[in-house]
Amino acid sequence: MSNFTSEISREKEHEIRATDAMCINESQQDHQWYYNLKYLVTGVLFGIVFVKAEVISWFRIQEMFRLQSFHMYGIIGSAVLVGMLSVWLIKTFKIKTIHGEEITFSDKKFNRGQVYGGLIFGLGWGLTGACPGPLFAQIGLGATVVIVTLLSAIAGTWVYGRFREQLPH
Amino acid sequence: MLEVIKQPWPWYIAGPLIGLTVPALLILGNKSFGISSSLRHACAACLPAKIPFFQYEWKKETWNLVFVLGIFLGGMVASHFLPNPGPIKVNENLARELAAYGITDFSAMVPLDIVSWENLLTAPGLIMMVGGGFLVGFGARYAGGCTSGHAIMGLSTLQWPSLVATIFFMVGGFVMANWILPIILSL
């Protein structure tokens, strides 16, 4: 019986997180805290690429939205192509994680939030010249005032969560 | 070799490396690439306030917070060990347009003439940092993801809702950069 309830609560938990946290995949194994260090390393490498390719530059984003440079289109386009090819390879050859677990994918459901939210996000992106990832890298670079932008983004996330039920989806 | 690495990296090097983050996270631990969810985890961890949207076990998503901490550290590493030898080259038309609004300092990744502590309480500064950040956080969650989760991870897994979101990200950006930002900058 207790197994049954935990099964239900696990499903509910999954549903809550799936509503729109992008990552609902999770390891079924219990890992020690230091297993998370591999994500730290990935993040560091990713952050270095961000900085060196000037993806986190406000000026590069302005050039992109004014069609004054191919740079950002080249980056996003080639990143998507490499991502697609990798996912295809993982699916085709049923590649497992380094811990031997199966790699899973979950489909995204369409809702009108992708239109309204997408538009709002785009307006913010054009203004700050940074999506959430670059915000962290800019702070690391030493632009400490961007902490204000990041806190404001967290506040925006909170306000969305608070009024989620009243918003059209 | 180090001199070459210090130069700004071209798109055909950086793009594929960013794309490789997708399989890297999947193979390291079956994780979907997405950055804006870290903001949601921050809310769930610090101020859940009994809001259902923040009632979940955020500790299971610790990896995501560790990942963004890594991005922050990556920024530090790059600025200390791999600084650009020269200033950022900005498109001439953009430079001319920005100069008209008093933005002439192209030495940093952010326009220091607006994005700085001194300018935080000016109208353009407040709108860009506080307003812009709010739109980014609110919009990303409303859309169910940001550039990483939708444009890169979503398109890599051929999710058409992610294509919809990406198209509207671009529409919003075009509208802001070309029509609204000039008004804000002239305040």
# chains A, B, ... in the order shown; residues from 1 in each chain; ligands from 1
>>> closest_atom_pairs(of="chain A", to="chain B", cutoff="6 Å", atoms="only C-alpha atoms", output="JSON lines")
{"residue": "A:Asp20", "atom": "CA", "partner": "B:Gly144", "partner_atom": "CA", "distance": 4.9}
{"residue": "A:Ala21", "atom": "CA", "partner": "B:Ser37", "partner_atom": "CA", "distance": 5.6}
{"residue": "A:Met22", "atom": "CA", "partner": "B:Gly34", "partner_atom": "CA", "distance": 6.0}
{"residue": "A:Cys23", "atom": "CA", "partner": "B:Ser32", "partner_atom": "CA", "distance": 5.1}
{"residue": "A:Asn25", "atom": "CA", "partner": "B:Lys31", "partner_atom": "CA", "distance": 5.7}
{"residue": "A:Asn36", "atom": "CA", "partner": "B:Trp63", "partner_atom": "CA", "distance": 5.6}
{"residue": "A:Tyr39", "atom": "CA", "partner": "B:Phe67", "partner_atom": "CA", "distance": 5.0}
{"residue": "A:Leu40", "atom": "CA", "partner": "B:Gly70", "partner_atom": "CA", "distance": 4.5}
{"residue": "A:Gly43", "atom": "CA", "partner": "B:Gly70", "partner_atom": "CA", "distance": 4.0}
{"residue": "A:Val44", "atom": "CA", "partner": "B:Gly74", "partner_atom": "CA", "distance": 4.0}
{"residue": "A:Gly47", "atom": "CA", "partner": "B:Ile71", "partner_atom": "CA", "distance": 4.2}
{"residue": "A:Ile48", "atom": "CA", "partner": "B:Gly74", "partner_atom": "CA", "distance": 4.8}
{"residue": "A:Lys52", "atom": "CA", "partner": "B:Pro8", "partner_atom": "CA", "distance": 5.3}
{"residue": "A:Ala53", "atom": "CA", "partner": "B:Trp9", "partner_atom": "CA", "distance": 4.7}
{"residue": "A:Ser57", "atom": "CA", "partner": "B:Met109", "partner_atom": "CA", "distance": 4.3}
{"residue": "A:Trp58", "atom": "CA", "partner": "B:Val110", "partner_atom": "CA", "distance": 5.3}
{"residue": "A:Phe65", "atom": "CA", "partner": "B:Phe174", "partner_atom": "CA", "distance": 5.0}
{"residue": "A:His71", "atom": "CA", "partner": "B:Trp11", "partner_atom": "CA", "distance": 5.7}
{"residue": "A:Gly74", "atom": "CA", "partner": "B:Trp11", "partner_atom": "CA", "distance": 5.6}
{"residue": "A:Ile75", "atom": "CA", "partner": "B:Gly15", "partner_atom": "CA", "distance": 3.9}
{"residue": "A:Ser78", "atom": "CA", "partner": "B:Gly15", "partner_atom": "CA", "distance": 5.1}
{"residue": "A:Ala79", "atom": "CA", "partner": "B:Gly19", "partner_atom": "CA", "distance": 3.8}
{"residue": "A:Val80", "atom": "CA", "partner": "B:Ile152", "partner_atom": "CA", "distance": 5.3}
{"residue": "A:Val82", "atom": "CA", "partner": "B:Gly19", "partner_atom": "CA", "distance": 5.1}
{"residue": "A:Gly83", "atom": "CA", "partner": "B:Gly19", "partner_atom": "CA", "distance": 4.8}
{"residue": "A:Met84", "atom": "CA", "partner": "B:Ser156", "partner_atom": "CA", "distance": 4.0}
{"residue": "A:Ser86", "atom": "CA", "partner": "B:Pro23", "partner_atom": "CA", "distance": 5.9}
{"residue": "A:Thr97", "atom": "CA", "partner": "B:Ile27", "partner_atom": "CA", "distance": 4.2}
{"residue": "A:Ile98", "atom": "CA", "partner": "B:Leu28", "partner_atom": "CA", "distance": 5.7}
{"residue": "A:Ile103", "atom": "CA", "partner": "B:Asn30", "partner_atom": "CA", "distance": 5.2}
{"residue": "A:Phe110", "atom": "CA", "partner": "B:Pro161", "partner_atom": "CA", "distance": 5.1}
{"residue": "A:Gly113", "atom": "CA", "partner": "B:Ala143", "partner_atom": "CA", "distance": 4.8}
{"residue": "A:Gln114", "atom": "CA", "partner": "B:Ala143", "partner_atom": "CA", "distance": 4.0}
{"residue": "A:Val115", "atom": "CA", "partner": "B:Ala165", "partner_atom": "CA", "distance": 6.0}
{"residue": "A:Gly117", "atom": "CA", "partner": "B:Ala143", "partner_atom": "CA", "distance": 4.2}
{"residue": "A:Gly118", "atom": "CA", "partner": "B:Phe169", "partner_atom": "CA", "distance": 4.9}
{"residue": "A:Leu119", "atom": "CA", "partner": "B:Gly172", "partner_atom": "CA", "distance": 4.6}
{"residue": "A:Ile120", "atom": "CA", "partner": "B:Gly139", "partner_atom": "CA", "distance": 4.8}
{"residue": "A:Phe121", "atom": "CA", "partner": "B:Gly139", "partner_atom": "CA", "distance": 4.1}
{"residue": "A:Gly122", "atom": "CA", "partner": "B:Gly172", "partner_atom": "CA", "distance": 3.9}
{"residue": "A:Leu123", "atom": "CA", "partner": "B:Gly172", "partner_atom": "CA", "distance": 4.5}
{"residue": "A:Gly124", "atom": "CA", "partner": "B:Gly132", "partner_atom": "CA", "distance": 4.5}
{"residue": "A:Gly126", "atom": "CA", "partner": "B:Gly173", "partner_atom": "CA", "distance": 4.4}
{"residue": "A:Leu127", "atom": "CA", "partner": "B:Gly132", "partner_atom": "CA", "distance": 5.5}
{"residue": "A:Thr128", "atom": "CA", "partner": "B:Gly132", "partner_atom": "CA", "distance": 5.3}
{"residue": "A:Pro132", "atom": "CA", "partner": "B:Ser36", "partner_atom": "CA", "distance": 5.7}
{"residue": "A:Gly133", "atom": "CA", "partner": "B:Ile35", "partner_atom": "CA", "distance": 6.0}
{"residue": "A:Phe136", "atom": "CA", "partner": "B:Phe72", "partner_atom": "CA", "distance": 4.8}
{"residue": "A:Ala137", "atom": "CA", "partner": "B:Gly75", "partner_atom": "CA", "distance": 4.5}
{"residue": "A:Gly140", "atom": "CA", "partner": "B:Gly75", "partner_atom": "CA", "distance": 4.5}
{"residue": "A:Leu141", "atom": "CA", "partner": "B:Gly75", "partner_atom": "CA", "distance": 4.8}
{"residue": "A:Val145", "atom": "CA", "partner": "B:Trp117", "partner_atom": "CA", "distance": 5.7}
{"residue": "A:Thr149", "atom": "CA", "partner": "B:Gly133", "partner_atom": "CA", "distance": 4.5}
{"residue": "A:Ser152", "atom": "CA", "partner": "B:Phe134", "partner_atom": "CA", "distance": 4.8}
{"residue": "A:Ala153", "atom": "CA", "partner": "B:Gly137", "partner_atom": "CA", "distance": 3.9}
{"residue": "A:Ile154", "atom": "CA", "partner": "B:Leu39", "partner_atom": "CA", "distance": 5.3}
{"residue": "A:Gly156", "atom": "CA", "partner": "B:Phe138", "partner_atom": "CA", "distance": 4.2}
{"residue": "A:Thr157", "atom": "CA", "partner": "B:Phe138", "partner_atom": "CA", "distance": 4.7}
{"residue": "A:Tyr160", "atom": "CA", "partner": "B:Phe138", "partner_atom": "CA", "distance": 5.5}
{"residue": "A:Gly161", "atom": "CA", "partner": "B:Phe53", "partner_atom": "CA", "distance": 5.4}
>>> select_by_dssp(residues="chain A", states="alpha helix (DSSP H)", output="PyMOL selection string")
chain A and resi 2-18+37-52+58-65+71-92+113-128+132-141+146-163
>>> atom_distance(atom1="CA of Ala143 (chain A)", atom2="CA of Ala123 (chain B)")
19.3 Å
>>> atom_distance(atom1="CA of Val51 (chain A)", atom2="CA of Ile183 (chain B)")
28.9 Å
>>> atom_distance(atom1="CA of Ile76 (chain A)", atom2="CA of Lys108 (chain A)")
20.2 Å
